[in-house]
file query37.tsv (TSV, C-alpha atoms)
chain	number	residue	atom	x	y	z
M	1	MET	CA	-3.94	5.25	-20.36
M	2	ILE	CA	-3.86	1.63	-19.18
M	3	TYR	CA	-1.29	-1.13	-19.25
M	4	LEU	CA	-1.14	-4.87	-18.72
M	5	THR	CA	1.65	-7.41	-18.33
M	6	ALA	CA	1.69	-11.18	-18.82
M	7	GLY	CA	4.22	-13.99	-18.49
M	8	GLU	CA	5.95	-16.22	-15.96
M	9	SER	CA	9.43	-16.07	-14.46
M	10	HIS	CA	10.75	-19.06	-16.45
M	11	GLY	CA	8.27	-18.85	-19.32
M	12	PRO	CA	9.32	-17.98	-22.88
M	13	GLN	CA	8.78	-14.24	-22.54
M	14	LEU	CA	7.24	-11.34	-20.67
M	15	THR	CA	4.67	-9.32	-22.59
M	16	GLY	CA	3.44	-5.79	-21.92
M	17	ILE	CA	0.74	-3.75	-23.60
M	18	ILE	CA	0.14	-0.07	-23.01
M	19	GLU	CA	-2.88	1.71	-24.46
M	20	GLY	CA	-3.56	5.44	-24.54
M	21	LEU	CA	-0.19	6.87	-25.50
M	22	PRO	CA	-0.43	9.63	-28.11
M	23	ALA	CA	0.54	9.12	-31.71
M	24	GLY	CA	3.83	10.68	-32.76
M	25	LEU	CA	5.84	9.84	-29.62
M	26	HIS	CA	9.41	9.04	-30.63
M	27	ILE	CA	10.74	6.00	-28.79
M	28	ASP	CA	14.43	5.19	-28.38
M	29	VAL	CA	14.63	1.41	-27.94
M	30	ASP	CA	18.27	1.68	-26.83
M	31	ALA	CA	17.15	3.84	-23.90
M	32	ILE	CA	14.66	1.14	-22.86
M	33	ASN	CA	17.40	-1.48	-23.03
M	34	ASP	CA	19.67	0.76	-20.98
M	35	ASN	CA	17.10	0.80	-18.15
M	36	LEU	CA	16.64	-2.97	-18.46
M	37	ALA	CA	20.40	-3.37	-18.05
M	38	LYS	CA	20.38	-1.07	-15.00
M	39	ARG	CA	17.60	-3.19	-13.48
M	40	GLN	CA	19.87	-6.23	-13.76
M	41	GLY	CA	22.96	-4.47	-12.46
M	42	GLY	CA	24.07	-3.33	-9.04
M	43	TYR	CA	26.09	-4.95	-6.30
M	44	GLY	CA	24.40	-7.87	-4.56
M	45	ARG	CA	22.50	-9.32	-7.52
M	46	GLY	CA	22.40	-13.09	-8.12
M	47	ASN	CA	23.58	-15.36	-10.94
M	48	ARG	CA	20.40	-15.16	-13.01
M	49	GLN	CA	21.29	-11.62	-14.07
M	50	GLN	CA	24.33	-13.09	-15.88
M	51	ILE	CA	22.02	-15.32	-17.93
M	52	GLU	CA	19.20	-13.04	-19.05
M	53	HIS	CA	20.74	-9.85	-20.58
M	54	ASP	CA	17.28	-8.41	-21.13
M	55	THR	CA	16.41	-6.56	-24.32
M	56	VAL	CA	13.03	-5.39	-25.57
M	57	GLN	CA	11.22	-6.10	-28.82
M	58	VAL	CA	8.47	-3.83	-30.09
M	59	VAL	CA	5.80	-6.03	-31.68
M	60	GLY	CA	2.94	-3.58	-32.16
M	61	GLY	CA	1.90	0.06	-32.06
M	62	MET	CA	5.07	1.62	-33.48
M	63	ARG	CA	6.33	2.35	-36.99
M	64	HIS	CA	9.64	3.90	-38.02
M	65	GLY	CA	10.42	4.87	-34.42
M	66	TYR	CA	7.11	6.60	-33.63
M	67	THR	CA	3.97	5.46	-31.84
M	68	LEU	CA	0.82	5.11	-33.93
M	69	GLY	CA	-1.73	5.82	-31.20
M	70	SER	CA	-2.75	2.17	-31.17
M	71	PRO	CA	-1.80	-0.17	-28.29
M	72	LEU	CA	1.97	-0.46	-27.91
M	73	ALA	CA	3.07	-4.07	-27.39
M	74	LEU	CA	6.50	-4.96	-25.97
M	75	VAL	CA	8.21	-8.31	-25.40
M	76	VAL	CA	11.19	-9.23	-23.22
M	77	LYS	CA	12.40	-12.77	-23.92
M	78	ASN	CA	13.46	-15.03	-21.06
M	79	ARG	CA	16.76	-16.53	-22.22
M	80	ASP	CA	16.75	-18.95	-19.30
M	81	HIS	CA	13.57	-20.55	-20.69
M	82	ALA	CA	15.66	-22.97	-22.75
M	83	HIS	CA	16.51	-24.82	-19.52
M	84	TRP	CA	12.88	-24.74	-18.34
M	85	SER	CA	10.91	-25.54	-21.50
M	86	GLU	CA	9.70	-28.93	-20.20
M	87	VAL	CA	8.93	-27.58	-16.74
M	88	MET	CA	6.94	-24.65	-18.17
M	89	ASP	CA	5.36	-26.46	-21.14
M	90	PRO	CA	1.84	-24.98	-21.50
M	91	LEU	CA	0.40	-28.26	-22.86
M	92	GLU	CA	2.27	-31.31	-21.55
M	93	ASN	CA	3.25	-32.37	-18.02
M	94	ASP	CA	4.80	-35.79	-18.47
M	95	SER	CA	8.53	-35.14	-18.16
M	96	GLU	CA	10.60	-36.27	-15.20
M	97	ASN	CA	12.21	-32.83	-15.10
M	98	ALA	CA	8.82	-31.18	-14.61
M	99	GLN	CA	8.05	-33.42	-11.64
M	100	LEU	CA	11.43	-32.70	-10.05
M	101	ARG	CA	10.80	-28.96	-10.22
M	102	GLN	CA	7.54	-29.11	-8.29
M	103	LEU	CA	7.40	-26.80	-5.29
M	104	LYS	CA	5.90	-28.34	-2.16
M	105	HIS	CA	7.74	-26.43	0.58
M	106	PRO	CA	6.40	-22.84	0.63
M	107	ARG	CA	8.90	-20.08	1.36
M	108	PRO	CA	8.12	-17.70	4.24
M	109	GLY	CA	7.54	-14.18	2.95
M	110	HIS	CA	6.56	-15.29	-0.57
M	111	ALA	CA	3.15	-15.71	-2.16
M	112	ASP	CA	3.67	-19.51	-2.35
M	113	LEU	CA	1.40	-20.81	0.41
M	114	VAL	CA	-1.39	-18.25	0.32
M	115	GLY	CA	-1.48	-18.33	-3.48
M	116	GLY	CA	-1.76	-22.12	-3.42
M	117	MET	CA	-4.57	-21.93	-0.88
M	118	LYS	CA	-6.45	-19.27	-2.84
M	119	TYR	CA	-6.22	-20.86	-6.32
M	120	GLY	CA	-6.12	-24.51	-5.27
M	121	HIS	CA	-2.64	-25.24	-6.69
M	122	ARG	CA	-0.89	-28.35	-5.36
M	123	ASP	CA	2.35	-27.44	-7.12
M	124	LEU	CA	3.31	-24.05	-5.75
M	125	ARG	CA	5.44	-23.35	-8.81
M	126	ASN	CA	2.17	-22.20	-10.36
M	127	VAL	CA	2.24	-19.35	-7.83
M	128	LEU	CA	5.98	-18.68	-7.79
M	129	GLU	CA	6.26	-18.21	-11.54
M	130	ARG	CA	3.88	-15.25	-11.73
M	131	SER	CA	4.49	-13.74	-8.29
M	132	SER	CA	8.24	-13.57	-9.00
M	133	ALA	CA	9.86	-10.13	-9.29
M	134	ARG	CA	10.98	-11.21	-12.76
M	135	GLU	CA	7.69	-9.63	-13.93
M	136	THR	CA	9.11	-6.21	-13.13
M	137	ALA	CA	11.38	-6.43	-16.18
M	138	ILE	CA	8.44	-5.77	-18.49
M	139	ARG	CA	7.18	-2.99	-16.20
M	140	VAL	CA	10.60	-1.37	-16.56
M	141	ALA	CA	10.23	-1.59	-20.34
M	142	LEU	CA	6.76	-0.01	-20.25
M	143	GLY	CA	7.88	2.58	-17.70
M	144	SER	CA	10.88	3.47	-19.85
M	145	VAL	CA	8.51	4.34	-22.70
M	146	CYS	CA	6.62	6.60	-20.29
M	147	GLN	CA	9.89	8.10	-19.06
M	148	GLN	CA	10.67	9.16	-22.63
M	149	PHE	CA	7.11	10.45	-23.03
M	150	LEU	CA	7.49	12.60	-19.90
M	151	GLU	CA	10.94	13.87	-20.84
M	152	GLN	CA	9.61	15.11	-24.17
M	153	LEU	CA	7.13	17.15	-22.10
M	154	GLY	CA	9.83	18.59	-19.82
M	155	ILE	CA	9.34	16.14	-16.92
M	156	LYS	CA	12.34	14.17	-15.58
M	157	VAL	CA	12.26	11.22	-13.16
M	158	VAL	CA	15.06	9.40	-11.31
M	159	GLY	CA	15.22	6.69	-8.66
M	160	TYR	CA	18.07	5.95	-6.28
M	161	VAL	CA	18.95	4.10	-3.07
M	162	LYS	CA	18.78	5.98	0.23
M	163	GLN	CA	19.39	3.18	2.70
M	164	LEU	CA	20.62	-0.45	2.70
M	165	GLY	CA	19.36	-2.27	5.77
M	166	PRO	CA	20.52	-0.12	8.72
M	167	LEU	CA	23.11	1.74	6.62
M	168	VAL	CA	22.14	5.23	5.39
M	169	LEU	CA	23.74	5.69	1.95
M	170	SER	CA	22.30	8.97	0.69
M	171	SER	CA	22.12	11.46	3.55
M	172	GLU	CA	21.65	14.62	1.47
M	173	ASP	CA	18.32	14.95	-0.34
M	174	LEU	CA	18.82	16.61	-3.73
M	175	LEU	CA	15.95	17.84	-5.91
M	176	ASP	CA	17.76	18.40	-9.22
M	177	VAL	CA	17.18	15.25	-11.29
M	178	ASP	CA	20.15	15.74	-13.62
M	179	GLN	CA	22.50	16.16	-10.65
M	180	ILE	CA	21.06	13.07	-8.95
M	181	ARG	CA	21.55	11.02	-12.12
M	182	ARG	CA	25.19	12.07	-12.44
M	183	GLU	CA	25.93	11.08	-8.87
M	184	VAL	CA	24.07	7.76	-8.65
M	185	GLU	CA	25.12	6.45	-12.05
M	186	ALA	CA	28.77	6.85	-11.04
M	187	ASN	CA	28.64	3.88	-8.62
M	188	ASP	CA	27.18	0.38	-8.51
M	189	MET	CA	24.85	1.07	-5.56
M	190	ARG	CA	22.97	4.04	-7.10
M	191	VAL	CA	23.68	6.17	-4.04
M	192	LEU	CA	24.52	9.85	-3.58
M	193	ASP	CA	27.23	9.38	-0.94
M	194	HIS	CA	30.07	7.75	-2.88
M	195	ASP	CA	32.16	7.35	0.25
M	196	LYS	CA	29.57	4.87	1.58
M	197	VAL	CA	29.80	2.45	-1.37
M	198	GLU	CA	32.63	0.33	0.06
M	199	GLU	CA	30.82	0.04	3.39
M	200	ALA	CA	27.70	-1.10	1.51
M	201	HIS	CA	29.73	-3.74	-0.34
M	202	GLU	CA	31.11	-5.06	2.94
M	203	LEU	CA	27.63	-5.28	4.46
M	204	ILE	CA	26.32	-7.18	1.42
M	205	LEU	CA	29.24	-9.64	1.45
M	206	LYS	CA	28.81	-10.26	5.19
M	207	THR	CA	25.08	-10.83	4.73
M	208	LYS	CA	25.66	-13.16	1.78
M	209	LYS	CA	28.09	-15.31	3.80
M	210	GLU	CA	25.43	-15.61	6.48
M	211	GLY	CA	22.91	-16.83	3.89
M	212	ASP	CA	20.72	-13.83	4.62
M	213	THR	CA	19.26	-10.89	2.65
M	214	LEU	CA	18.88	-7.12	2.95
M	215	GLY	CA	16.15	-4.59	2.19
M	216	GLY	CA	16.27	-0.82	2.33
M	217	ILE	CA	14.75	2.47	1.22
M	218	VAL	CA	14.46	3.86	-2.31
M	219	ARG	CA	13.65	7.46	-3.24
M	220	ILE	CA	12.08	8.69	-6.48
M	221	VAL	CA	12.22	12.33	-7.59
M	222	ALA	CA	10.18	13.75	-10.49
M	223	GLU	CA	10.99	17.29	-11.62
M	224	GLY	CA	8.90	19.45	-13.95
M	225	MET	CA	5.38	18.22	-13.16
M	226	PRO	CA	3.01	21.16	-13.64
M	227	ALA	CA	0.73	22.13	-10.77
M	228	GLY	CA	-2.83	20.86	-10.69
M	229	LEU	CA	-2.52	17.23	-11.80
M	230	GLY	CA	-4.71	15.00	-9.69
M	231	SER	CA	-7.69	16.38	-7.78
M	232	TYR	CA	-9.03	17.05	-4.29
M	233	ILE	CA	-12.67	16.35	-5.22
M	234	SER	CA	-12.67	12.64	-4.36
M	235	TRP	CA	-10.34	10.18	-2.63
M	236	ASP	CA	-9.75	8.13	-5.78
M	237	THR	CA	-8.75	11.16	-7.86
M	238	LYS	CA	-5.80	12.13	-5.63
M	239	LEU	CA	-2.57	11.62	-7.58
M	240	ASP	CA	-0.42	11.03	-4.51
M	241	ALA	CA	-2.78	8.19	-3.55
M	242	LYS	CA	-2.47	6.68	-7.03
M	243	LEU	CA	1.32	6.85	-6.79
M	244	ALA	CA	1.30	5.17	-3.38
M	245	PHE	CA	-0.97	2.42	-4.73
M	246	ALA	CA	1.25	1.81	-7.76
M	247	VAL	CA	4.48	1.76	-5.75
M	248	MET	CA	3.00	-0.60	-3.15
M	249	GLY	CA	2.13	-2.89	-6.06
M	250	VAL	CA	5.81	-3.60	-6.70
M	251	ASN	CA	7.20	-6.84	-5.25
M	252	ALA	CA	8.60	-6.59	-1.70
M	253	ILE	CA	7.47	-3.00	-1.04
M	254	LYS	CA	6.08	-2.72	2.50
M	255	GLY	CA	5.82	1.03	2.99
M	256	VAL	CA	5.33	4.18	0.87
M	257	SER	CA	5.55	7.85	1.82
M	258	ILE	CA	5.35	11.18	0.02
M	259	GLY	CA	7.89	13.91	0.79
M	260	ASP	CA	9.02	13.81	4.41
M	261	GLY	CA	6.41	11.12	5.03
M	262	PHE	CA	6.54	9.56	8.48
M	263	GLU	CA	9.15	12.07	9.66
M	264	ALA	CA	6.58	14.82	9.14
M	265	ALA	CA	4.41	13.19	11.81
M	266	THR	CA	7.12	13.83	14.41
M	267	ARG	CA	7.51	17.57	13.71
M	268	PRO	CA	5.42	20.67	14.42
M	269	GLY	CA	3.46	22.11	11.50
M	270	SER	CA	5.82	25.08	11.18
M	271	MET	CA	8.57	22.64	10.14
M	272	VAL	CA	6.41	20.68	7.67
M	273	MET	CA	4.28	23.11	5.65
M	274	ASP	CA	5.97	24.59	2.58
M	275	GLU	CA	5.74	28.40	2.59
M	276	ILE	CA	4.29	29.86	-0.61
M	277	LEU	CA	6.30	32.34	-2.69
M	278	HIS	CA	5.48	34.27	-5.85
M	279	GLU	CA	8.42	34.96	-8.14
M	280	ASP	CA	8.81	36.22	-11.69
M	281	ALA	CA	8.27	32.69	-13.04
M	282	GLY	CA	5.10	32.24	-10.98
M	283	TRP	CA	4.10	30.42	-7.79
M	284	THR	CA	6.56	28.22	-5.93
M	285	ARG	CA	7.40	26.96	-2.42
M	286	ARG	CA	10.33	27.73	-0.13
M	287	THR	CA	10.77	24.01	0.72
M	288	ASP	CA	9.41	20.66	-0.45
M	289	HIS	CA	8.56	18.79	2.75
M	290	LEU	CA	5.19	17.71	1.30
M	291	GLY	CA	6.81	16.06	-1.71
M	292	GLY	CA	5.20	18.16	-4.42
M	293	PHE	CA	1.59	17.58	-3.32
M	294	GLU	CA	-1.15	19.58	-1.65
M	295	GLY	CA	-4.72	18.30	-1.52
M	296	GLY	CA	-3.87	15.29	-3.67
M	297	MET	CA	-2.67	17.57	-6.49
M	298	THR	CA	0.80	18.40	-7.77
M	299	ASN	CA	1.84	21.90	-6.67
M	300	GLY	CA	4.69	22.42	-9.13
M	301	MET	CA	7.47	21.37	-6.76
M	302	PRO	CA	9.43	18.15	-7.38
M	303	VAL	CA	7.39	15.03	-6.64
M	304	ILE	CA	9.10	12.88	-4.00
M	305	VAL	CA	8.14	9.26	-3.32
M	306	ASN	CA	9.92	7.04	-0.78
M	307	ALA	CA	9.49	3.26	-0.59
M	308	ALA	CA	10.61	0.67	1.95
M	309	MET	CA	11.65	-2.66	0.44
M	310	LYS	CA	11.66	-5.71	2.70
M	311	PRO	CA	14.61	-8.14	2.52
M	312	ILE	CA	14.25	-10.71	-0.26
M	313	PRO	CA	12.47	-13.71	1.28
M	314	THR	CA	14.41	-16.44	-0.56
M	315	LEU	CA	17.25	-17.30	1.83
M	316	TYR	CA	20.21	-19.59	1.13
M	317	LYS	CA	19.92	-20.65	4.77
M	318	PRO	CA	16.20	-21.36	4.42
M	319	LEU	CA	13.69	-20.82	7.19
M	320	GLU	CA	11.36	-23.45	8.56
M	321	THR	CA	8.14	-24.34	6.76
M	322	ALA	CA	6.01	-27.45	6.19
M	323	ASP	CA	5.33	-29.79	3.25
M	324	ILE	CA	1.87	-28.96	1.84
M	325	GLU	CA	1.13	-32.69	1.30
M	326	THR	CA	2.54	-34.40	4.41
M	327	LYS	CA	2.39	-31.29	6.67
M	328	GLU	CA	5.75	-32.39	8.09
M	329	ARG	CA	8.31	-29.78	9.08
M	330	SER	CA	10.95	-29.00	6.47
M	331	LYS	CA	13.17	-26.25	5.17
M	332	ALA	CA	11.75	-23.81	2.61
M	333	SER	CA	12.54	-24.36	-1.06
M	334	VAL	CA	15.46	-22.35	-2.46
M	335	GLU	CA	15.38	-20.66	-5.87
M	336	ARG	CA	18.17	-18.53	-7.33
M	337	SER	CA	18.09	-15.24	-5.50
M	338	ASP	CA	19.90	-12.01	-4.67
M	339	THR	CA	21.40	-10.82	-1.42
M	340	THR	CA	19.78	-7.48	-2.16
M	341	ALA	CA	18.00	-6.01	-5.17
M	342	LEU	CA	17.79	-2.39	-4.04
M	343	THR	CA	19.50	-1.00	-7.14
M	344	ALA	CA	17.05	-2.94	-9.30
M	345	CYS	CA	14.20	-1.72	-7.12
M	346	SER	CA	15.19	1.90	-7.72
M	347	ILE	CA	14.88	1.37	-11.49
M	348	VAL	CA	11.59	-0.53	-11.14
M	349	LEU	CA	10.07	2.16	-8.92
M	350	GLN	CA	11.37	4.89	-11.21
M	351	SER	CA	9.52	3.12	-14.05
M	352	VAL	CA	6.31	2.64	-12.05
M	353	VAL	CA	6.25	6.31	-11.06
M	354	CYS	CA	6.76	7.23	-14.73
M	355	LEU	CA	3.77	5.07	-15.67
M	356	GLU	CA	1.52	6.79	-13.11
M	357	LEU	CA	2.68	10.31	-13.98
M	358	ALA	CA	2.17	9.60	-17.68
M	359	LYS	CA	-1.34	8.37	-16.90
M	360	ALA	CA	-2.02	11.58	-14.98
M	361	VAL	CA	-0.89	13.69	-17.93
M	362	CYS	CA	-3.06	11.72	-20.34
M	363	ASP	CA	-6.03	12.06	-17.96
M	364	GLU	CA	-5.64	15.82	-17.73
M	365	PHE	CA	-5.03	16.69	-21.37
M	366	GLN	CA	-6.31	15.61	-24.78
M	367	SER	CA	-3.61	13.14	-25.69
M	368	SER	CA	-4.26	11.54	-29.07
M	369	SER	CA	-1.43	13.52	-30.72
M	370	MET	CA	2.00	14.21	-29.25
M	371	GLU	CA	2.38	17.57	-31.01
M	372	ARG	CA	-1.05	18.71	-29.86
M	373	LEU	CA	-0.28	17.56	-26.31
M	374	LYS	CA	2.99	19.53	-26.23
M	375	LYS	CA	1.11	22.69	-27.24
M	376	GLN	CA	-1.59	22.12	-24.60
M	377	ILE	CA	0.94	21.67	-21.82
M	378	ALA	CA	2.96	24.70	-22.91
M	379	GLU	CA	-0.22	26.82	-22.87
M	380	TYR	CA	-1.20	25.38	-19.49
M	381	ARG	CA	2.20	26.23	-18.00
M	382	GLU	CA	1.83	29.82	-19.28
M	383	GLU	CA	-1.64	30.03	-17.74
M	384	LEU	CA	-0.30	28.86	-14.37
M	385	ALA	CA	2.53	31.40	-14.51
M	386	ARG	CA	0.00	34.22	-15.07
M	387	TYR	CA	-2.33	33.15	-12.21

call {"tool": "encode", "arguments": {"input": "query37.tsv", "output": "structure tokens"}}
result
Amino acid sequence: MIYLTAGESHGPQLTGIIEGLPAGLHIDVDAINDNLAKRQGGYGRGNRQQIEHDTVQVVGGMRHGYTLGSPLALVVKNRDHAHWSEVMDPLENDSENAQLRQLKHPRPGHADLVGGMKYGHRDLRNVLERSSARETAIRVALGSVCQQFLEQLGIKVVGYVKQLGPLVLSSEDLLDVDQIRREVEANDMRVLDHDKVEEAHELILKTKKEGDTLGGIVRIVAEGMPAGLGSYISWDTKLDAKLAFAVMGVNAIKGVSIGDGFEAATRPGSMVMDEILHEDAGWTRRTDHLGGFEGGMTNGMPVIVNAAMKPIPTLYKPLETADIETKERSKASVERSDTTALTACSIVLQSVVCLELAKAVCDEFQSSSMERLKKQIAEYREELARY
């Protein structure tokens, strides 16, 4: 299974194509749109989220609600494009508006300067438009398809916010996905500790007044993954490595860990290894410190991925930079931005993890037909239980 996205932040649309999904997968478009809305929600988001109201269009690979086995093509229109059509015109560049929107003052922490240096762009908008986190909207759409695919195979995935800047918002680590969903969808910060929501709001408001931004930590939990997906035979076949790679590929992510992650490095082995138990239902573990992985393979316990998101680098009190033409000192350019996008990040990372887990399932099993795949996985689960 492979996927590809295309489109710019202020272009007419974002396009995503996913190839390798089985035929016969029922897709609920409303569920995709629900995740797109969650990506735009959450306390601390900026004004652009009031403009876009993202919805998905299926333009290929589906008929009467079911996939055909051919590439699935999705589109998310950029409603804000109407105000940017001259600036983003793919053919002409002769409008005064287009010249005014040129970006010459690279923003610290963004791809602007290095991207301009690498590709030879003198207008750094050519970098900004694709490097923008706006692209993650189409990854949420594609990931939402994979979320439905996984759920029809008995695998559930959820993302939520653990920490906002220095403020820990979800102190208790739950493993039951349905319980996590109930808790985090009951507040606008997607956190488990509801009594911390007001404190989070206050921190965001204070930071916004200061013209600054906040990052934090997001946690993803996947329940129901059968043991044995991934492999120990080579470094590039380890599924935990593939997940870390995919999560690090999301805008603003600066650190990824599996299970207890960096905390495990501070403890003795007796407090990190998950003791093995055999019960009536088969093999399990007493704990899940290793985040559902041993030897690069799923071990049947919930998969746990943690990601550290840096603060958004577009600041309303911009940092110092230099003009790429005159080299004179100046303040960085300012685009519409958020004080924090952690709630959005939790949905994006949830979607990215779904994409990678779906790929792992399709790699492991013959996946041209959804009904055949369901039977294979059911037989595989029975085989594991008998081992």

call {"tool": "closest_residue", "arguments": {"input": "query37.tsv", "among": "M:Arg139, M:His53, M:Arg372, M:Lys310", "to": "M:His110", "atoms": "all atoms listed in the file"}}
result
M:Lys310

call {"tool": "residues_around", "arguments": {"input": "query37.tsv", "residues": "M:Leu243", "least_positions_apart": "5", "cutoff": "10 Å", "atoms": "only C-alpha atoms", "output": "ChimeraX atom specification"}}
result
/M:238,248-249,256-258,305,352-357

call {"tool": "closest_residue", "arguments": {"input": "query37.tsv", "among": "M:Phe293, M:Phe149, M:Tyr160, M:Tyr43", "to": "M:Val218", "atoms": "all atoms listed in the file"}}
result
M:Tyr160

call {"tool": "atom_distance", "arguments": {"input": "query37.tsv", "atom1": "atom CA of M:Val348", "atom2": "atom CA of M:Leu153"}}
result
21.3 Å

call {"tool": "atom_distance", "arguments": {"input": "query37.tsv", "atom1": "atom CA of M:Leu91", "atom2": "atom CA of M:Leu72"}}
result
28.3 Å

call {"tool": "atom_distance", "arguments": {"input": "query37.tsv", "atom1": "atom CA of M:Ser144", "atom2": "atom CA of M:Tyr66"}}
result
14.6 Å

call {"tool": "closest_atom_pairs", "arguments": {"input": "query37.tsv", "of": "stretch 242-356 of chain M", "to": "stretch 95-103 of chain M", "cutoff": "12 Å", "atoms": "only C-alpha atoms", "output": "CSV"}}
result
residue,atom,partner,partner_atom,distance
M:Ala322,CA,M:Leu103,CA,11.6
M:Asp323,CA,M:Leu103,CA,9.3
M:Ile324,CA,M:Leu103,CA,9.3
M:Glu325,CA,M:Leu103,CA,10.8
M:Lys331,CA,M:Leu103,CA,12.0
M:Ala332,CA,M:Leu103,CA,9.5
M:Ser333,CA,M:Leu103,CA,7.1
M:Val334,CA,M:Leu103,CA,9.6
M:Glu335,CA,M:Leu103,CA,10.1

call {"tool": "residues_around", "arguments": {"input": "query37.tsv", "residues": "M:Thr15", "least_positions_apart": "2", "cutoff": "8 Å", "atoms": "all atoms listed in the file", "output": "short mmCIF file (atom, residue, chain, number, x, y, z; two decimals) with C-alpha atoms, in the coordinates of the input"}}
result
data_model
loop_
_atom_site.label_atom_id
_atom_site.label_comp_id
_atom_site.auth_asym_id
_atom_site.auth_seq_id
_atom_site.Cartn_x
_atom_site.Cartn_y
_atom_site.Cartn_z
CA THR M 5 1.65 -7.41 -18.33
CA ALA M 6 1.69 -11.18 -18.82
CA GLY M 7 4.22 -13.99 -18.49
CA GLN M 13 8.78 -14.24 -22.54
CA ILE M 17 0.74 -3.75 -23.60
CA ALA M 73 3.07 -4.07 -27.39
CA LEU M 74 6.50 -4.96 -25.97
CA VAL M 75 8.21 -8.31 -25.40
CA VAL M 76 11.19 -9.23 -23.22
CA ILE M 138 8.44 -5.77 -18.49
#

call {"tool": "residues_around", "arguments": {"input": "query37.tsv", "residues": "stretch 265-275 of chain M", "least_positions_apart": "6", "cutoff": "6 Å", "atoms": "only C-alpha atoms", "output": "ChimeraX atom specification"}}
result
/M:285-287,289

call {"tool": "closest_residue", "arguments": {"input": "query37.tsv", "among": "M:Val361, M:Gln57, M:Phe262, M:Leu319", "to": "M:Lys374", "atoms": "all atoms listed in the file"}}
result
M:Val361

call {"tool": "residues_around", "arguments": {"input": "query37.tsv", "residues": "M:Leu175", "least_positions_apart": "5", "cutoff": "12 Å", "atoms": "all atoms listed in the file", "output": "ChimeraX atom specification"}}
result
/M:156-159,180-181,192,219-224,259,287-289,291-292,301-305

call {"tool": "residues_near_point", "arguments": {"input": "query37.tsv", "point": "(-8.2, 18.6, -23.5)", "cutoff": "12 Å", "atoms": "all atoms listed in the file", "output": "NGL selection string"}}
result
:M and (361-369 or 372-377 or 379-380)

call {"tool": "closest_residue", "arguments": {"input": "query37.tsv", "among": "M:Lys196, M:Arg79, M:Arg130, M:Lys209", "to": "M:Gly44", "atoms": "only C-alpha atoms"}}
result
M:Lys209

call {"tool": "closest_residue", "arguments": {"input": "query37.tsv", "among": "M:Trp84, M:Ser132, M:Gly154, M:Met297", "to": "M:Ser234", "atoms": "all atoms listed in the file"}}
result
M:Met297

call {"tool": "closest_residue", "arguments": {"input": "query37.tsv", "among": "M:Gly143, M:Gly282, M:Pro226, M:Pro166", "to": "M:Ala378", "atoms": "all atoms listed in the file"}}
result
M:Pro226

call {"tool": "residues_around", "arguments": {"input": "query37.tsv", "residues": "M:Val161", "least_positions_apart": "2", "cutoff": "8 Å", "atoms": "only C-alpha atoms", "output": "mmCIF file with C-alpha atoms, keeping the file's coordinate frame"}}
result
data_model
loop_
_atom_site.group_PDB
_atom_site.id
_atom_site.type_symbol
_atom_site.label_atom_id
_atom_site.label_comp_id
_atom_site.auth_asym_id
_atom_site.auth_seq_id
_atom_site.Cartn_x
_atom_site.Cartn_y
_atom_site.Cartn_z
ATOM 1 C CA GLY M 159 15.220 6.690 -8.660
ATOM 2 C CA GLN M 163 19.390 3.180 2.700
ATOM 3 C CA LEU M 164 20.620 -0.450 2.700
ATOM 4 C CA LEU M 169 23.740 5.690 1.950
ATOM 5 C CA SER M 170 22.300 8.970 0.690
ATOM 6 C CA MET M 189 24.850 1.070 -5.560
ATOM 7 C CA ARG M 190 22.970 4.040 -7.100
ATOM 8 C CA VAL M 191 23.680 6.170 -4.040
ATOM 9 C CA GLY M 216 16.270 -0.820 2.330
ATOM 10 C CA ILE M 217 14.750 2.470 1.220
ATOM 11 C CA VAL M 218 14.460 3.860 -2.310
ATOM 12 C CA ARG M 219 13.650 7.460 -3.240
ATOM 13 C CA LEU M 342 17.790 -2.390 -4.040
ATOM 14 C CA THR M 343 19.500 -1.000 -7.140
ATOM 15 C CA SER M 346 15.190 1.900 -7.720
#

call {"tool": "residues_near_point", "arguments": {"input": "query37.tsv", "point": "(14.5, -2.3, -23.5)", "cutoff": "6 Å", "atoms": "only C-alpha atoms", "output": "short mmCIF file (atom, residue, chain, number, x, y, z; two decimals) with C-alpha atoms, keeping the file's coordinate frame"}}
result
data_model
loop_
_atom_site.label_atom_id
_atom_site.label_comp_id
_atom_site.auth_asym_id
_atom_site.auth_seq_id
_atom_site.Cartn_x
_atom_site.Cartn_y
_atom_site.Cartn_z
CA VAL M 29 14.63 1.41 -27.94
CA ILE M 32 14.66 1.14 -22.86
CA ASN M 33 17.40 -1.48 -23.03
CA LEU M 36 16.64 -2.97 -18.46
CA THR M 55 16.41 -6.56 -24.32
CA VAL M 56 13.03 -5.39 -25.57
CA ALA M 141 10.23 -1.59 -20.34
#

call {"tool": "axis_aligned_box", "arguments": {"input": "query37.tsv", "around": "stretch 65-82 of chain M", "padding_each_side": "5 Å", "output": "lines of an AutoDock Vina configuration file"}}
result
center_x = 7.0
center_y = -8.2
center_z = -26.9
size_x = 29.5
size_y = 39.6
size_z = 25.1
